[in-house]
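Novice: Next comes the structure file entry.cif, holding mmCIF, C-alpha atoms.
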data_work
#
loop_
_atom_site.label_atom_id
_atom_site.label_comp_id
_atom_site.auth_asym_id
_atom_site.auth_seq_id
_atom_site.Cartn_x
_atom_site.Cartn_y
_atom_site.Cartn_z
CA MET A 1 50.43 21.61 -87.98
CA ARG A 2 53.35 19.64 -89.20
CA THR A 3 56.18 21.28 -91.03
CA ARG A 4 56.65 19.96 -94.52
CA PHE A 5 60.08 19.39 -95.92
CA HIS A 6 59.40 19.13 -99.62
CA HIS A 7 61.18 22.42 -100.20
CA MET A 8 64.39 21.04 -98.74
CA ASN A 9 66.89 19.85 -101.31
CA CYS A 10 67.87 16.88 -99.23
CA SER A 11 67.03 13.26 -99.83
CA VAL A 12 66.60 12.43 -96.16
CA ALA A 13 64.20 15.31 -95.63
CA ARG A 14 62.28 14.49 -98.79
CA ALA A 15 62.02 10.83 -97.85
CA LEU A 16 60.75 11.85 -94.42
CA ASP A 17 58.20 14.11 -96.02
CA LEU A 18 56.59 10.97 -97.37
CA LEU A 19 57.50 8.45 -94.67
CA GLY A 20 58.11 10.49 -91.55
CA GLU A 21 55.08 9.36 -89.66
CA TRP A 22 54.91 6.36 -87.43
CA TRP A 23 51.84 4.68 -88.85
CA THR A 24 53.19 5.05 -92.35
CA ILE A 25 56.35 3.16 -91.49
CA LEU A 26 54.41 0.50 -89.58
CA ILE A 27 52.06 0.05 -92.55
CA ILE A 28 55.11 -0.51 -94.76
CA ARG A 29 56.52 -2.95 -92.21
CA GLU A 30 53.22 -4.87 -92.36
CA ALA A 31 53.20 -4.80 -96.15
CA LEU A 32 56.77 -6.12 -96.25
CA ALA A 33 55.66 -8.91 -93.89
CA GLY A 34 52.99 -9.91 -96.41
CA THR A 35 49.84 -8.07 -95.35
CA HIS A 36 47.59 -7.06 -98.26
CA ARG A 37 44.04 -6.55 -97.02
CA PHE A 38 42.65 -3.44 -95.37
CA GLU A 39 41.10 -5.51 -92.58
CA ASP A 40 44.40 -7.23 -91.86
CA PHE A 41 46.31 -3.96 -91.67
CA GLN A 42 43.63 -2.66 -89.36
CA GLN A 43 43.62 -5.61 -87.04
CA ARG A 44 47.36 -6.15 -86.90
CA LEU A 45 48.20 -2.51 -86.27
CA GLY A 46 45.21 -1.63 -84.11
CA ILE A 47 44.91 1.59 -86.11
CA ALA A 48 41.72 3.63 -86.53
CA ARG A 49 40.03 2.99 -89.87
CA ASN A 50 40.03 6.64 -90.95
CA ILE A 51 43.75 7.02 -90.22
CA LEU A 52 44.52 3.77 -92.03
CA THR A 53 42.45 4.89 -95.03
CA SER A 54 44.28 8.21 -95.30
CA ARG A 55 47.73 6.64 -94.91
CA LEU A 56 47.02 3.92 -97.47
CA ARG A 57 45.78 6.57 -99.88
CA LYS A 58 48.91 8.66 -99.42
CA LEU A 59 51.16 5.66 -99.98
CA THR A 60 49.15 4.70 -103.06
CA ASP A 61 49.20 8.25 -104.42
CA HIS A 62 52.97 8.31 -104.08
CA GLY A 63 53.47 4.94 -105.71
CA VAL A 64 54.72 3.04 -102.66
CA LEU A 65 51.66 0.78 -102.68
CA GLU A 66 49.31 -0.10 -105.50
CA ARG A 67 45.69 -1.09 -105.20
CA VAL A 68 44.95 -4.19 -107.24
CA ALA A 69 42.18 -6.75 -107.58
CA ALA A 70 42.61 -9.54 -105.04
CA GLN A 71 41.68 -12.05 -107.74
CA GLU A 72 41.57 -11.62 -111.47
CA GLY A 73 38.21 -10.15 -112.40
CA GLY A 74 37.24 -9.84 -108.75
CA ARG A 75 36.00 -6.65 -107.19
CA ARG A 76 37.76 -6.82 -103.87
CA LYS A 77 40.95 -4.76 -103.79
CA VAL A 78 44.15 -5.38 -101.89
CA TYR A 79 47.31 -3.36 -101.42
CA ARG A 80 50.60 -4.48 -102.88
CA LEU A 81 54.04 -2.93 -102.56
CA THR A 82 55.46 -1.49 -105.75
CA ARG A 83 59.17 -1.66 -106.60
CA LYS A 84 59.50 1.73 -104.88
CA GLY A 85 57.89 0.24 -101.79
CA ARG A 86 59.90 -2.98 -101.78
CA ASP A 87 63.02 -0.86 -102.04
CA LEU A 88 62.34 0.34 -98.49
CA LEU A 89 63.43 -3.05 -97.15
CA PRO A 90 66.97 -1.88 -96.21
CA VAL A 91 65.53 1.13 -94.33
CA LEU A 92 63.16 -1.06 -92.32
CA VAL A 93 65.74 -3.76 -91.60
CA ALA A 94 68.29 -1.16 -90.48
CA LEU A 95 65.68 0.40 -88.20
CA MET A 96 64.70 -3.00 -86.79
CA GLN A 97 68.30 -3.97 -86.10
CA TRP A 98 68.97 -0.67 -84.36
CA GLY A 99 65.84 -1.09 -82.24
CA ASP A 100 66.82 -4.68 -81.43
CA ARG A 101 70.26 -3.59 -80.31
CA TRP A 102 69.64 -0.31 -78.54
CA ILE A 103 66.00 -0.23 -77.44
CA ILE A 104 64.84 -3.81 -76.95
CA GLY A 105 68.28 -5.21 -76.14
CA PRO A 106 70.24 -8.29 -77.23
CA GLY A 107 68.61 -11.58 -76.28
CA ARG A 108 65.14 -10.05 -76.20
CA GLU A 109 64.53 -9.58 -79.94
CA PRO A 110 60.85 -10.18 -80.75
CA LEU A 111 61.66 -11.41 -84.26
CA ARG A 112 64.61 -12.92 -86.05
CA LEU A 113 65.08 -12.35 -89.77
CA VAL A 114 66.66 -15.36 -91.42
CA GLU A 115 67.61 -16.34 -94.93
CA ARG A 116 64.78 -18.53 -96.16
CA SER A 117 66.98 -21.07 -97.92
CA SER A 118 69.42 -21.73 -95.09
CA GLY A 119 67.57 -20.57 -91.99
CA ARG A 120 70.65 -18.56 -90.98
CA GLY A 121 70.36 -15.09 -89.50
CA ILE A 122 71.00 -12.20 -91.87
CA ALA A 123 74.01 -9.93 -91.56
CA CYS A 124 74.00 -6.66 -89.67
CA MET A 125 73.31 -3.76 -92.04
CA THR A 126 76.46 -1.76 -92.64
CA VAL A 127 77.51 1.05 -94.91
CA GLN A 128 80.00 -0.46 -97.33
CA SER A 129 82.54 0.42 -99.96
CA GLN A 130 82.03 -0.86 -103.51
CA GLU A 131 84.19 -3.84 -102.55
CA GLY A 132 82.03 -4.68 -99.56
CA ARG A 133 84.27 -3.33 -96.79
CA ALA A 134 82.31 -1.98 -93.82
CA LEU A 135 82.68 1.79 -93.49
CA GLY A 136 82.21 3.85 -90.34
CA LEU A 137 81.32 7.49 -90.00
CA GLY A 138 84.97 8.56 -90.12
CA ASP A 139 85.50 6.74 -93.42
CA LEU A 140 82.84 8.80 -95.20
CA LYS A 141 82.87 12.19 -96.84
CA ALA A 142 79.90 14.05 -98.31
CA LEU A 143 80.47 15.88 -101.59
CA PRO A 144 78.05 18.05 -103.52
CA GLY A 145 76.06 15.87 -105.91
CA PRO A 146 74.72 16.81 -109.35
CA GLY A 147 71.63 18.34 -107.75
CA PHE A 148 73.50 20.45 -105.21
CA GLY A 149 72.29 24.02 -105.65
CA ARG A 150 73.77 27.37 -104.80
CA GLY A 151 72.64 28.29 -101.32
CA ASP A 152 71.72 24.72 -100.34
CA ALA A 153 74.42 24.68 -97.72
CA ALA A 154 72.89 27.41 -95.62
CA ARG A 155 69.26 26.79 -96.42
CA THR A 156 68.82 23.07 -96.08
CA GLY A 157 71.42 21.94 -93.65
CA CYS A 158 72.43 19.36 -96.24
CA ARG A 159 75.95 20.66 -96.20
CA ALA A 160 78.76 19.16 -98.06
CA GLU A 161 81.55 18.48 -95.64
CA THR A 162 84.15 20.09 -97.87
CA ASP A 163 84.35 23.51 -99.40
CA GLU A 164 84.79 22.22 -102.89
CA ALA A 165 83.24 24.29 -105.62
CA GLU A 166 79.66 23.59 -106.56
CA PRO A 167 79.09 22.09 -109.96
CA PRO A 168 77.76 24.69 -112.40
CA MET B 1 48.03 13.66 -79.40
CA ARG B 2 50.45 11.20 -80.81
CA THR B 3 50.05 7.52 -80.20
CA ARG B 4 53.00 6.04 -78.39
CA PHE B 5 54.31 2.67 -79.34
CA HIS B 6 56.42 1.73 -76.34
CA HIS B 7 53.94 -0.98 -75.43
CA MET B 8 54.45 -2.72 -78.74
CA ASN B 9 56.89 -5.60 -78.60
CA CYS B 10 58.41 -4.70 -81.95
CA SER B 11 61.82 -3.20 -82.60
CA VAL B 12 60.64 -1.03 -85.48
CA ALA B 13 57.82 0.45 -83.43
CA ARG B 14 60.07 0.98 -80.44
CA ALA B 15 62.74 2.65 -82.56
CA LEU B 16 60.06 4.91 -84.05
CA ASP B 17 58.86 5.77 -80.58
CA LEU B 18 62.20 7.48 -80.09
CA LEU B 19 63.02 8.55 -83.64
CA GLY B 20 59.69 8.79 -85.42
CA GLU B 21 59.61 12.50 -85.78
CA TRP B 22 61.04 14.44 -88.65
CA TRP B 23 63.11 16.96 -86.72
CA THR B 24 64.63 14.19 -84.64
CA ILE B 25 65.92 12.38 -87.71
CA LEU B 26 67.16 15.62 -89.27
CA ILE B 27 68.98 16.51 -86.05
CA ILE B 28 70.68 13.12 -86.18
CA ARG B 29 71.52 13.68 -89.84
CA GLU B 30 73.16 17.00 -88.87
CA ALA B 31 75.03 15.39 -86.00
CA LEU B 32 76.32 12.65 -88.30
CA ALA B 33 77.48 15.39 -90.68
CA GLY B 34 79.54 16.91 -87.87
CA THR B 35 77.32 19.54 -86.26
CA HIS B 36 77.86 19.96 -82.51
CA ARG B 37 76.69 23.41 -81.43
CA PHE B 38 73.14 24.40 -80.63
CA GLU B 39 73.42 27.51 -82.82
CA ASP B 40 74.64 25.47 -85.78
CA PHE B 41 71.79 22.97 -85.49
CA GLN B 42 69.40 25.88 -85.30
CA GLN B 43 70.77 27.71 -88.30
CA ARG B 44 71.27 24.70 -90.53
CA LEU B 45 67.84 23.22 -89.88
CA GLY B 46 65.90 26.46 -89.60
CA ILE B 47 64.15 24.96 -86.57
CA ALA B 48 62.50 26.94 -83.76
CA ARG B 49 64.71 27.18 -80.68
CA ASN B 50 62.13 25.69 -78.32
CA ILE B 51 61.55 22.68 -80.58
CA LEU B 52 65.27 22.16 -81.01
CA THR B 53 65.76 22.37 -77.24
CA SER B 54 63.12 19.74 -76.56
CA ARG B 55 64.37 17.36 -79.28
CA LEU B 56 68.00 17.66 -78.16
CA ARG B 57 66.91 16.97 -74.60
CA LYS B 58 64.97 13.87 -75.64
CA LEU B 59 67.91 12.55 -77.65
CA THR B 60 70.24 13.24 -74.72
CA ASP B 61 67.88 11.63 -72.20
CA HIS B 62 67.77 8.50 -74.37
CA GLY B 63 71.52 8.33 -74.84
CA VAL B 64 71.64 9.09 -78.57
CA LEU B 65 73.49 12.35 -77.96
CA GLU B 66 75.61 13.44 -75.02
CA ARG B 67 76.19 16.97 -73.83
CA VAL B 68 79.85 17.61 -73.22
CA ALA B 69 82.13 20.59 -72.64
CA ALA B 70 83.26 22.08 -75.94
CA GLN B 71 86.75 22.45 -74.53
CA GLU B 72 88.28 20.84 -71.49
CA GLY B 73 87.38 22.91 -68.47
CA GLY B 74 85.22 25.22 -70.58
CA ARG B 75 81.65 26.04 -69.76
CA ARG B 76 80.17 25.99 -73.21
CA LYS B 77 78.46 22.69 -74.03
CA VAL B 78 78.13 20.92 -77.34
CA TYR B 79 76.26 17.80 -78.44
CA ARG B 80 78.08 14.68 -79.49
CA LEU B 81 76.70 11.42 -80.83
CA THR B 82 77.13 8.43 -78.55
CA ARG B 83 77.82 4.93 -79.87
CA LYS B 84 74.04 4.40 -79.91
CA GLY B 85 73.70 7.53 -82.03
CA ARG B 86 76.53 6.72 -84.41
CA ASP B 87 74.94 3.31 -84.90
CA LEU B 88 72.09 5.06 -86.72
CA LEU B 89 74.35 5.66 -89.72
CA PRO B 90 72.97 2.68 -91.72
CA VAL B 91 69.39 3.86 -91.13
CA LEU B 92 70.17 7.37 -92.36
CA VAL B 93 72.21 6.22 -95.35
CA ALA B 94 69.49 3.76 -96.39
CA LEU B 95 66.90 6.53 -96.10
CA MET B 96 69.06 8.95 -98.10
CA GLN B 97 69.68 6.42 -100.86
CA TRP B 98 65.98 5.64 -101.10
CA GLY B 99 65.14 9.35 -101.28
CA ASP B 100 67.84 9.88 -103.91
CA ARG B 101 66.47 7.08 -106.02
CA TRP B 102 62.73 7.43 -105.64
CA ILE B 103 61.97 11.00 -104.60
CA ILE B 104 64.77 13.23 -105.89
CA GLY B 105 65.66 11.01 -108.83
CA PRO B 106 68.92 9.74 -110.32
CA GLY B 107 71.21 12.47 -111.61
CA ARG B 108 69.75 15.06 -109.24
CA GLU B 109 71.22 13.86 -105.94
CA PRO B 110 72.04 16.84 -103.70
CA LEU B 111 74.91 15.02 -102.01
CA ARG B 112 77.21 12.16 -102.81
CA LEU B 113 78.64 10.00 -100.04
CA VAL B 114 82.11 8.80 -100.88
CA GLU B 115 84.78 6.78 -99.16
CA ARG B 116 87.21 9.32 -97.73
CA SER B 117 90.35 7.39 -98.61
CA SER B 118 89.54 6.67 -102.25
CA GLY B 119 86.92 9.25 -103.15
CA ARG B 120 84.77 6.47 -104.61
CA GLY B 121 81.02 6.36 -104.09
CA ILE B 122 79.78 3.98 -101.42
CA ALA B 123 77.76 0.88 -102.22
CA CYS B 124 74.00 0.77 -102.25
CA MET B 125 72.68 -0.47 -98.89
CA THR B 126 71.36 -4.00 -99.19
CA VAL B 127 70.13 -6.66 -96.84
CA GLN B 128 72.75 -9.40 -96.93
CA SER B 129 73.41 -12.95 -95.88
CA GLN B 130 76.30 -13.64 -93.52
CA GLU B 131 78.44 -14.26 -96.60
CA GLY B 132 77.57 -10.89 -98.09
CA ARG B 133 75.08 -12.02 -100.73
CA ALA B 134 72.34 -9.45 -101.38
CA LEU B 135 68.94 -10.70 -100.21
CA GLY B 136 65.55 -9.54 -101.46
CA LEU B 137 62.23 -9.67 -99.73
CA GLY B 138 61.49 -13.16 -101.05
CA ASP B 139 64.74 -14.50 -99.61
CA LEU B 140 63.80 -13.57 -96.05
CA LYS B 141 61.72 -15.23 -93.40
CA ALA B 142 60.76 -13.85 -89.99
CA LEU B 143 60.87 -16.25 -87.06
CA PRO B 144 59.89 -15.60 -83.46
CA GLY B 145 62.93 -14.30 -81.58
CA PRO B 146 63.85 -14.89 -77.92
CA GLY B 147 61.63 -11.97 -76.89
CA PHE B 148 58.56 -13.09 -78.82
CA GLY B 149 55.70 -13.29 -76.36
CA ARG B 150 52.43 -15.16 -76.32
CA GLY B 151 49.84 -12.92 -77.91
CA ASP B 152 52.36 -10.71 -79.70
CA ALA B 153 51.10 -11.91 -83.04
CA ALA B 154 47.64 -10.49 -82.66
CA ARG B 155 48.46 -7.52 -80.48
CA THR B 156 51.46 -5.94 -82.10
CA GLY B 157 51.31 -6.83 -85.74
CA CYS B 158 54.89 -8.08 -85.40
CA ARG B 159 53.88 -11.44 -86.69
CA ALA B 160 56.20 -14.23 -87.42
CA GLU B 161 55.63 -15.40 -90.94
CA THR B 162 55.44 -19.04 -89.93
CA ASP B 163 53.32 -20.83 -87.41
CA GLU B 164 56.25 -22.34 -85.63
CA ALA B 165 55.84 -22.77 -81.92
CA GLU B 166 56.89 -19.93 -79.68
CA PRO B 167 59.94 -20.50 -77.56
CA PRO B 168 59.04 -21.18 -73.93
#
Please rewrite the model in this file as structure tokens.
Specialist:
Amino acid sequence: MRTRFHHMNCSVARALDLLGEWWTILIIREALAGTHRFEDFQQRLGIARNILTSRLRKLTDHGVLERVAAQEGGRRKVYRLTRKGRDLLPVLVALMQWGDRWIIGPGREPLRLVERSSGRGIACMTVQSQEGRALGLGDLKALPGPGFGRGDAARTGCRAETDEAEPP
Amino acid sequence: MRTRFHHMNCSVARALDLLGEWWTILIIREALAGTHRFEDFQQRLGIARNILTSRLRKLTDHGVLERVAAQEGGRRKVYRLTRKGRDLLPVLVALMQWGDRWIIGPGREPLRLVERSSGRGIACMTVQSQEGRALGLGDLKALPGPGFGRGDAARTGCRAETDEAEPP
């Protein structure tokens, strides 16, 4: 049985609670690439129908996908990313770029993401300051946010790096 | 038994093959936050020792973490992120920001990531052009990369969006 993380007051853990399963992420990758129909998801991922059904339902229940009529008035349904789902683009692109660089290796990338208008490759995803300067790990500090609760530090592992007082 | 994706010629699938497990990502989150010692990982994550041991070993075997002496000449070992591991920062930050926005909700963020030098919040992760313009899903196109193989389209689901010829 898989541990569930919904009790953790941590955005990474809570995101993983919904997404932390391989097929789920690959379904979202397919949806971002323009797949809408059950049969196309099934064929392109080579996933068992019952697993696909349960993952699509979970993503629909959580508002990442929505099930809509393929054509107005038609009965056939397709799956479409919601705003919440489309907002996963930076996560998927960052994961793809990391895999390209460190698993597949430079010069062997299966796909290239380019800007549609110019055909030029996109930039490497970086953490940035408000002014757009690239920031590394050493440039960052984690502070308690508005939802930081008493006892979170020990319980969740989502520690703030400093010992600043918690907000009331 | 979990499906393995190492046969898929897709950087997302291959990255998930290494990272696609909740504890693994949370261990990396902890390491990025500065945790080095086995006991600290264990306490902060509330993870069983045998699971932690196996996940740390996998991450070390794959070069995401390295096991080094805590002090020069000392016998006690700690875990340190390699360059490959530190390069996961954009993935984790993108995942955290998505969780903040869509799962936890604005105004309830447990942690705030700020720029150490200025104390200002970091920017929202976005996919960008080489010039730093934010790009949405509709601005992107996937083309076959140098490692795109004949038959990848049908087999892996890592389709190119166009029907351009494959490179030789």
Novice: Identify all chain B residues at most 7 Å from chain A by counting all atoms listed in the file; ligands do not count. Present them as a ChimeraX atom specification.
Specialist: /B:9-12,14-16,20-22,44-45,84,88,90-91,94-96,98-100,102-104,107-116,122-123,125-130,139-148,154-157,160
Novice: Measuring atom to atom with only C-alpha atoms, identify which of B:Ile28, B:Leu59, B:Ile51, B:Leu65 is nearest to Arg80 (chain B).
Specialist: B:Leu65
Novice: Could you tell me how far CA of Gly73 (chain B) sits from CA of Ala31 (chain B), in Å to one decimal place?
Specialist: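 CA of Ala31 (chain B) sits 22.7 Å away from CA of Gly73 (chain B).
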Novice: Adding 5 Å on each side of the box along x, y and z that holds all listed atoms of region 114-131 of chain A, could you give its centre and edge lengths in Å to one decimal, as JSON?
Specialist:
{"center_x": 74.5, "center_y": -10.3, "center_z": -96.5, "size_x": 29.4, "size_y": 32.8, "size_z": 24.0}
Novice: Would you mind reading off the distance between CA of Thr24 (chain A) and CA of Val68 (chain A), one decimal, in Å?
Specialist: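 Separating CA of Thr24 (chain A) from CA of Val68 (chain A) is a distance of 19.4 Å.
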Novice: CA of Tyr79 (chain A) and CA of His36 (chain A), how far apart in Å?
Specialist: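 Going from CA of His36 (chain A) over to CA of Tyr79 (chain A) covers 4.9 Å.
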Novice: Once the PyMOL selection byres ((chain B and resi 77) around 10) has been evaluated on this model, what residues remain selected, and can you format them as a PyMOL selection string?
Specialist: chain B and resi 36-38+66-71+74-76+78-80
